[in-house]
Amino acid sequence: MTLWLAGFAVLLVKLVLVLAVVMAGAAYLVLVERKLLGRFQLRYGPNRVGPFGLLQPLADGAKMLLKEDLVPAGADKFLFFIIPAVLPMTTLLAFAVVPFGTELTIMGQKVPMVISDLDVGVLFVLALSSVGVYSLALGGWASNSKYSLLGAVRGVGQMISYELPLGLTLVPVVMMAKSMSLVDIVNAQASMPFIVYQPVAFILFFVSALAEIKRTPFDLAEAENELQAGYHMEYSGMRFALFFLGEYVNMIFLGALAAVFFMGGWSGPVLPPIVWMLIKTSIMPILLIWIRATLPRLRPDQLMRLCWVWLAPLALVNILATGAVMLLAG
Amino acid sequence: MDERNGFLKNMVQGTTGLMEPFWVTLKHLFRKPITEQYPEYKRELPPRARGRIVLTRSPDKEERCVACQLCSAACPVSCISMQSAVRQDGRRYAEWFRINFGRCIFCGLCEEACPTLAIQLTPDFEMSEDDPLKLIYEKHQLLVDHGGKDPDYDFYKHAGVAVGREPGTHDNEHPAANPKTNFP
Ligand code: SF4
Ligand code: SF4
């Protein structure tokens with residue numbers, strides 16, 4: 001009984017820790033993005049609130065809370081109210097299977113550094129990312145605005161298409177690790193990260209992930225020039241902030257996924273595992289920001305062509321090639 | 001063979017075209033930002049910068065404005081209003097003169113329209129307020145005691161009604177002709 005209670009307490013502590021770190025990370029990722037984008041464009045970025053603008057996320061939060069909460073006259077009230085929670089919820093849930101360190105031994109008990117080591121972790125992640133599509137589809141639909149709807153239509157087409165290459169690029173990883181658990185996948189990379197064996201899969205994963213979280217050059221769902229802000233255009237105040245939070249949590253999550261699937265997760269020399277995990281997780285968000293500062297947006301037809309003509313077939317070929325090599329090499 | 005070469009060439013061109021901008025942005029990351037940090041550093045604006053509007057005075061310290069309404073007519077957003085009045089000596093002036101800076105777009109058309117150089121835009125732009133009503137400037141807020149951009153210009157020395165002076169005594173004016181001397 002006491003053991004069970006202790007286990008429960010440990011689980012709660014892990015939950016709170018992960019939640020706090022991820023939320024704070026998302027808040028500061030916004031600041032990092034604005035700062036970096038500024039420097040890429042020869043500006044300073046926010047530097048007024050606190051030293052170096054470090055308190056900017058707090059100021060933004062206060063501002064968002066105090067903003068008027070507008071609801072369009074023709075909106076579907078119920079959907080409009082609950083949809084903003086979908087994206088942050090699904091992405092935060094997905095963090096449950098991301099391992100961030102080796103097992104710790106506390107008072108003779110082994111404590112795995114992951115909230116829940118699911119056997120089907122990869123499937124869980126992909127399923128949650130599919131649920132995330134609803135935030136955009138229904139968010140755009142519930143607003144009852146033509147720009148929102150256009151953004152939603154584009155976004156849904158894009159996200160559903162890119163889920164295919166995203167899932168397919170993970171198949172070789174699962175094949176090589178012989179497990180769908182994220183912990184096992186990291187353990188399988190103890191000697192050599194998969195990015196060395198699977199550079200093609202990594203690039204495909206990167207591009208699909210970029211499209212999956214709808215960031216430049218694939219941010220058609222919220223293309224400012226044509227659709228103002230696309231599917232979340234009618235949202236204001238804290239509801240908008242939730243969409244925003246979801247997007248940035250998603251960036252961190254994809255960084256963590258890239259780290260776990262291709263860069264060997266927490267393993268690395270000298271530094272403690274958790275630091276390695278943080279470093280590797282931050283690679284992808286920073287690359288995403290760099291890309292945003294550099295590339296212009298694609299056209300919808302180019303986007304779909306890239307997915308169906310290049311990424312999906314390449315991912316399939318990659319699976320076949322991996323299988324062939326594994327068969328030949330025994 | 002040709003086709004294959006074209007494809008390869010396209011691939012190489014596409015890839016370099018995709019990668020070059022990354023190099024450009026990366027270089028920019030390590031350059032010094034060109035931002036001017038505004039409240040700490042204030043750039044010296046050119047004298048003809050279009051900011052807060054003033055009503056200037058002629059060299060004899062009289063108000064230049066003769067309340068002719070030309071500025072008000074020229075203003076594209078109709079933010080100038082005034083009431084004209086006539087002094088004892090026949091000189092016109094504005095009884096009240098009002099500019100709504102909440103609407104003014106600082107286009108400078110009023111300045112161009114003014115025949116007496118009374119209304120002028122100045123480089124000062126720091127006039128934000130927390131209440132839009134405070135942006136409506138009355139005559140005493142607009143009137144300054146200098147001549148602005150052309151301090152020596154005096155409208156009444158060149159044209160206008162005779163203000164306490166004989167005809168022919170204005171600047172650049174010929175002496176008044178005596179009609180009786182130029183009979184044929
Ligand atoms: S400011 Fe100039 S244009 Fe306007 S009423 Fe006075 S004299 Fe006329
Ligand atoms: S600057 Fe333009 S908008 Fe402003 S008062 Fe003069 S004419 Fe009107």
# chains A, B, ... in the order shown; residues from 1 in each chain; ligands from 1

call {"tool": "closest_atom_pairs", "arguments": {"of": "chain A", "to": "chain B", "cutoff": "6 Å", "atoms": "only C-alpha atoms", "output": "CSV"}}
result
residue,atom,partner,partner_atom,distance
A:Arg39,CA,B:Leu29,CA,5.1
A:Phe40,CA,B:Leu29,CA,4.6
A:Leu42,CA,B:Pro33,CA,4.1
A:Arg43,CA,B:Pro33,CA,4.8
A:Thr294,CA,B:Pro21,CA,5.9

call {"tool": "write_last_selection", "arguments": {"atoms": "N, CA and C atoms", "output": "tab-separated table (two decimals), in the first residue's frame"}}
result
chain	number	residue	atom	x	y	z
A	39	ARG	N	17.18	39.40	-34.33
A	39	ARG	CA	18.59	39.46	-34.71
A	39	ARG	C	18.78	39.04	-36.16
A	40	PHE	N	17.98	38.07	-36.61
A	40	PHE	CA	18.08	37.67	-38.01
A	40	PHE	C	17.74	38.84	-38.93
A	42	LEU	N	18.23	42.04	-38.17
A	42	LEU	CA	19.00	43.21	-37.73
A	42	LEU	C	18.22	44.11	-36.78
A	43	ARG	N	17.34	43.49	-35.98
A	43	ARG	CA	16.66	44.25	-34.93
A	43	ARG	C	17.11	43.69	-33.59
A	294	THR	N	14.01	32.80	-42.78
A	294	THR	CA	14.70	32.70	-44.06
A	294	THR	C	13.79	32.45	-45.25

call {"tool": "select_by_dssp", "arguments": {"residues": "stretch 46-110 of chain B", "states": "helix (DSSP H, G or I)", "output": "PyMOL selection string"}}
result
chain B and resi 70-74+109-110

call {"tool": "write_last_selection", "arguments": {"atoms": "all heavy atoms", "output": "CSV table (one decimal), in the first residue's frame"}}
result
chain,number,residue,atom,x,y,z
B,70,LEU,N,-8.1,79.0,-45.7
B,70,LEU,CA,-7.5,78.2,-46.8
B,70,LEU,C,-6.9,76.9,-46.3
B,70,LEU,O,-7.1,75.8,-46.9
B,70,LEU,CB,-6.4,79.0,-47.5
B,70,LEU,CG,-6.9,80.0,-48.5
B,70,LEU,CD1,-5.8,80.8,-49.0
B,70,LEU,CD2,-7.7,79.4,-49.6
B,71,CYS,N,-6.3,76.9,-45.1
B,71,CYS,CA,-5.7,75.7,-44.5
B,71,CYS,C,-6.9,74.7,-44.2
B,71,CYS,O,-6.8,73.5,-44.5
B,71,CYS,CB,-4.9,76.0,-43.3
B,71,CYS,SG,-5.8,76.9,-42.0
B,72,SER,N,-7.9,75.2,-43.7
B,72,SER,CA,-9.0,74.4,-43.3
B,72,SER,C,-9.6,73.7,-44.5
B,72,SER,O,-10.0,72.5,-44.5
B,72,SER,CB,-10.1,75.2,-42.6
B,72,SER,OG,-11.2,74.5,-42.3
B,73,ALA,N,-9.7,74.5,-45.7
B,73,ALA,CA,-10.2,74.0,-46.9
B,73,ALA,C,-9.3,72.9,-47.5
B,73,ALA,O,-9.8,71.9,-48.1
B,73,ALA,CB,-10.5,75.1,-47.9
B,74,ALA,N,-8.0,73.1,-47.3
B,74,ALA,CA,-7.0,72.2,-47.9
B,74,ALA,C,-6.9,70.9,-47.2
B,74,ALA,O,-6.5,69.9,-47.7
B,74,ALA,CB,-5.7,72.9,-48.1
B,109,LEU,N,-0.4,69.7,-46.0
B,109,LEU,CA,-1.2,70.5,-47.0
B,109,LEU,C,-1.6,71.9,-46.5
B,109,LEU,O,-1.7,72.8,-47.3
B,109,LEU,CB,-2.4,69.7,-47.5
B,109,LEU,CG,-2.0,68.5,-48.4
B,109,LEU,CD1,-3.3,67.8,-48.9
B,109,LEU,CD2,-1.2,68.9,-49.6
B,110,CYS,N,-1.9,71.9,-45.2
B,110,CYS,CA,-2.3,73.2,-44.6
B,110,CYS,C,-1.2,74.2,-44.8
B,110,CYS,O,-1.4,75.4,-45.1
B,110,CYS,CB,-2.7,73.0,-43.2
B,110,CYS,SG,-1.5,72.1,-42.2

call {"tool": "residues_near_ligand", "arguments": {"ligand": "ligand 2", "cutoff": "6 Å", "atoms": "only C-alpha atoms and all ligand atoms", "output": "list of chain:residue names"}}
result
B:Ala74, B:Cys75, B:Pro76, B:Val77, B:Cys79, B:Ile80, B:Cys104, B:Ile105, B:Phe106, B:Cys107, B:Gly108, B:Leu109, B:Cys110

call {"tool": "residues_near_ligand", "arguments": {"ligand": "ligand 1", "cutoff": "9 Å", "atoms": "only C-alpha atoms and all ligand atoms", "output": "VMD selection string"}}
result
chain B and resid 55 to 56 64 to 74 80 to 82 84 93 to 94 97 110 to 120

call {"tool": "residues_around", "arguments": {"residues": "A:Leu210", "least_positions_apart": "6", "cutoff": "10 Å", "atoms": "only C-alpha atoms", "output": "ChimeraX atom specification"}}
result
/A:162,166,204,216-219,251,254,284,288,291

call {"tool": "residues_around", "arguments": {"residues": "stretch 126-128 of chain B", "least_positions_apart": "6", "cutoff": "10 Å", "atoms": "only C-alpha atoms", "output": "number ranges by chain"}}
result
B: 51-52, 101-102, 134-135

call {"tool": "select_by_dssp", "arguments": {"residues": "stretch 47-164 of chain A", "states": "strand (DSSP E)", "output": "PyMOL selection string"}}
result
chain A and resi 104-106+109-111

call {"tool": "write_last_selection", "arguments": {"atoms": "N, CA and C atoms", "output": "CSV table (one decimal), in the first residue's frame"}}
result
chain,number,residue,atom,x,y,z
A,104,LEU,N,16.4,6.6,-12.4
A,104,LEU,CA,17.0,7.0,-11.2
A,104,LEU,C,16.7,6.0,-10.1
A,105,THR,N,17.6,5.8,-9.2
A,105,THR,CA,17.3,4.9,-8.0
A,105,THR,C,17.1,5.8,-6.8
A,106,ILE,N,15.9,5.9,-6.3
A,106,ILE,CA,15.6,6.6,-5.1
A,106,ILE,C,15.2,5.7,-4.0
A,109,GLN,N,14.3,2.1,-4.9
A,109,GLN,CA,13.3,1.9,-5.9
A,109,GLN,C,13.8,2.5,-7.3
A,110,LYS,N,13.5,1.8,-8.3
A,110,LYS,CA,13.9,2.3,-9.6
A,110,LYS,C,12.8,3.3,-10.1
A,111,VAL,N,13.1,4.5,-10.4
A,111,VAL,CA,12.2,5.5,-10.9
A,111,VAL,C,12.5,5.8,-12.4

call {"tool": "residues_around", "arguments": {"residues": "A:Ile83", "least_positions_apart": "5", "cutoff": "9 Å", "atoms": "only C-alpha atoms", "output": "list in words"}}
result
Phe78, Tyr134, Ser135, Leu136, Leu138, Gly139, Ala142 and Arg239 of chain A

call {"tool": "write_last_selection", "arguments": {"atoms": "N, CA and C atoms", "output": "PDB file, in the first residue's frame"}}
result
ATOM      1  N   PHE A  78     -20.627  26.750 -28.244  1.00  0.00           N
ATOM      2  CA  PHE A  78     -20.045  25.645 -27.483  1.00  0.00           C
ATOM      3  C   PHE A  78     -18.675  25.260 -28.049  1.00  0.00           C
ATOM      4  N   TYR A 134      -8.268  18.506 -35.002  1.00  0.00           N
ATOM      5  CA  TYR A 134      -9.602  19.025 -34.688  1.00  0.00           C
ATOM      6  C   TYR A 134      -9.550  20.473 -34.213  1.00  0.00           C
ATOM      7  N   SER A 135      -8.478  20.816 -33.505  1.00  0.00           N
ATOM      8  CA  SER A 135      -8.399  22.183 -32.993  1.00  0.00           C
ATOM      9  C   SER A 135      -8.519  23.152 -34.153  1.00  0.00           C
ATOM     10  N   LEU A 136      -7.902  22.751 -35.272  1.00  0.00           N
ATOM     11  CA  LEU A 136      -7.871  23.671 -36.397  1.00  0.00           C
ATOM     12  C   LEU A 136      -9.146  23.572 -37.222  1.00  0.00           C
ATOM     13  N   LEU A 138     -12.214  22.459 -36.329  1.00  0.00           N
ATOM     14  CA  LEU A 138     -13.393  22.966 -35.645  1.00  0.00           C
ATOM     15  C   LEU A 138     -13.209  24.412 -35.228  1.00  0.00           C
ATOM     16  N   GLY A 139     -11.962  24.801 -34.900  1.00  0.00           N
ATOM     17  CA  GLY A 139     -11.720  26.200 -34.556  1.00  0.00           C
ATOM     18  C   GLY A 139     -12.107  27.106 -35.708  1.00  0.00           C
ATOM     19  N   ALA A 142     -16.072  26.820 -36.174  1.00  0.00           N
ATOM     20  CA  ALA A 142     -16.908  27.423 -35.142  1.00  0.00           C
ATOM     21  C   ALA A 142     -16.906  28.945 -35.216  1.00  0.00           C
ATOM     22  N   ARG A 239      -8.112  32.857 -25.116  1.00  0.00           N
ATOM     23  CA  ARG A 239      -8.386  31.778 -26.072  1.00  0.00           C
ATOM     24  C   ARG A 239      -7.330  31.759 -27.167  1.00  0.00           C
TER      25      ARG A 239
END

call {"tool": "residues_around", "arguments": {"residues": "B:Thr122", "least_positions_apart": "5", "cutoff": "8 Å", "atoms": "only C-alpha atoms", "output": "ChimeraX atom specification"}}
result
/B:47-54

call {"tool": "write_last_selection", "arguments": {"atoms": "N, CA, C and O atoms", "output": "mmCIF file, in the first residue's frame"}}
result
data_model
loop_
_atom_site.group_PDB
_atom_site.id
_atom_site.type_symbol
_atom_site.label_atom_id
_atom_site.label_comp_id
_atom_site.auth_asym_id
_atom_site.auth_seq_id
_atom_site.Cartn_x
_atom_site.Cartn_y
_atom_site.Cartn_z
ATOM 1 N N PRO B 47 14.707 69.939 -40.191
ATOM 2 C CA PRO B 47 13.794 71.025 -39.821
ATOM 3 C C PRO B 47 12.456 70.941 -40.546
ATOM 4 O O PRO B 47 11.466 71.480 -40.058
ATOM 5 N N ARG B 48 12.432 70.259 -41.704
ATOM 6 C CA ARG B 48 11.176 70.206 -42.435
ATOM 7 C C ARG B 48 10.363 68.958 -42.107
ATOM 8 O O ARG B 48 9.366 68.687 -42.762
ATOM 9 N N ALA B 49 10.803 68.190 -41.104
ATOM 10 C CA ALA B 49 10.009 67.019 -40.694
ATOM 11 C C ALA B 49 8.611 67.481 -40.306
ATOM 12 O O ALA B 49 8.429 68.557 -39.751
ATOM 13 N N ARG B 50 7.617 66.646 -40.601
ATOM 14 C CA ARG B 50 6.236 67.079 -40.382
ATOM 15 C C ARG B 50 5.698 66.514 -39.081
ATOM 16 O O ARG B 50 5.331 65.353 -39.004
ATOM 17 N N GLY B 51 5.659 67.389 -38.063
ATOM 18 C CA GLY B 51 5.118 66.983 -36.778
ATOM 19 C C GLY B 51 4.129 68.013 -36.284
ATOM 20 O O GLY B 51 3.388 68.605 -37.072
ATOM 21 N N ARG B 52 4.145 68.238 -34.969
ATOM 22 C CA ARG B 52 3.187 69.143 -34.327
ATOM 23 C C ARG B 52 3.097 70.481 -35.070
ATOM 24 O O ARG B 52 4.094 71.068 -35.479
ATOM 25 N N ILE B 53 1.870 70.980 -35.224
ATOM 26 C CA ILE B 53 1.636 72.199 -35.996
ATOM 27 C C ILE B 53 1.672 73.416 -35.071
ATOM 28 O O ILE B 53 1.176 73.347 -33.939
ATOM 29 N N VAL B 54 2.275 74.512 -35.557
ATOM 30 C CA VAL B 54 2.282 75.750 -34.777
ATOM 31 C C VAL B 54 1.733 76.889 -35.638
ATOM 32 O O VAL B 54 1.716 76.801 -36.867
#

call {"tool": "residues_around", "arguments": {"residues": "A:Tyr28", "least_positions_apart": "3", "cutoff": "9 Å", "atoms": "only C-alpha atoms", "output": "number ranges by chain"}}
result
A: 23-25, 31-33, 54, 56-57

call {"tool": "write_last_selection", "arguments": {"atoms": "N, CA, C and O atoms", "output": "PDB file, in the first residue's frame"}}
result
ATOM      1  N   MET A  23       5.576  24.214 -19.940  1.00  0.00           N
ATOM      2  CA  MET A  23       4.860  25.496 -20.068  1.00  0.00           C
ATOM      3  C   MET A  23       5.833  26.662 -20.037  1.00  0.00           C
ATOM      4  O   MET A  23       5.757  27.581 -20.862  1.00  0.00           O
ATOM      5  N   ALA A  24       6.757  26.626 -19.067  1.00  0.00           N
ATOM      6  CA  ALA A  24       7.737  27.712 -18.995  1.00  0.00           C
ATOM      7  C   ALA A  24       8.567  27.726 -20.262  1.00  0.00           C
ATOM      8  O   ALA A  24       8.863  28.794 -20.821  1.00  0.00           O
ATOM      9  N   GLY A  25       8.902  26.521 -20.747  1.00  0.00           N
ATOM     10  CA  GLY A  25       9.679  26.447 -21.985  1.00  0.00           C
ATOM     11  C   GLY A  25       8.932  27.082 -23.133  1.00  0.00           C
ATOM     12  O   GLY A  25       9.510  27.845 -23.908  1.00  0.00           O
ATOM     13  N   LEU A  31       9.704  34.098 -26.458  1.00  0.00           N
ATOM     14  CA  LEU A  31      10.680  35.180 -26.319  1.00  0.00           C
ATOM     15  C   LEU A  31      11.919  34.888 -27.171  1.00  0.00           C
ATOM     16  O   LEU A  31      12.414  35.766 -27.889  1.00  0.00           O
ATOM     17  N   VAL A  32      12.393  33.634 -27.091  1.00  0.00           N
ATOM     18  CA  VAL A  32      13.576  33.265 -27.872  1.00  0.00           C
ATOM     19  C   VAL A  32      13.305  33.494 -29.348  1.00  0.00           C
ATOM     20  O   VAL A  32      14.136  34.044 -30.078  1.00  0.00           O
ATOM     21  N   GLU A  33      12.104  33.091 -29.789  1.00  0.00           N
ATOM     22  CA  GLU A  33      11.781  33.256 -31.202  1.00  0.00           C
ATOM     23  C   GLU A  33      11.797  34.736 -31.584  1.00  0.00           C
ATOM     24  O   GLU A  33      12.369  35.124 -32.595  1.00  0.00           O
ATOM     25  N   LEU A  54      13.651  39.814 -20.384  1.00  0.00           N
ATOM     26  CA  LEU A  54      13.400  38.467 -19.880  1.00  0.00           C
ATOM     27  C   LEU A  54      12.020  38.317 -19.248  1.00  0.00           C
ATOM     28  O   LEU A  54      11.535  37.211 -19.088  1.00  0.00           O
ATOM     29  N   GLN A  56       9.324  39.533 -20.529  1.00  0.00           N
ATOM     30  CA  GLN A  56       8.337  39.738 -21.584  1.00  0.00           C
ATOM     31  C   GLN A  56       7.204  38.709 -21.559  1.00  0.00           C
ATOM     32  O   GLN A  56       6.041  39.082 -21.687  1.00  0.00           O
ATOM     33  N   PRO A  57       7.505  37.397 -21.372  1.00  0.00           N
ATOM     34  CA  PRO A  57       6.393  36.432 -21.334  1.00  0.00           C
ATOM     35  C   PRO A  57       5.374  36.772 -20.261  1.00  0.00           C
ATOM     36  O   PRO A  57       4.166  36.602 -20.476  1.00  0.00           O
TER      37      PRO A  57
END
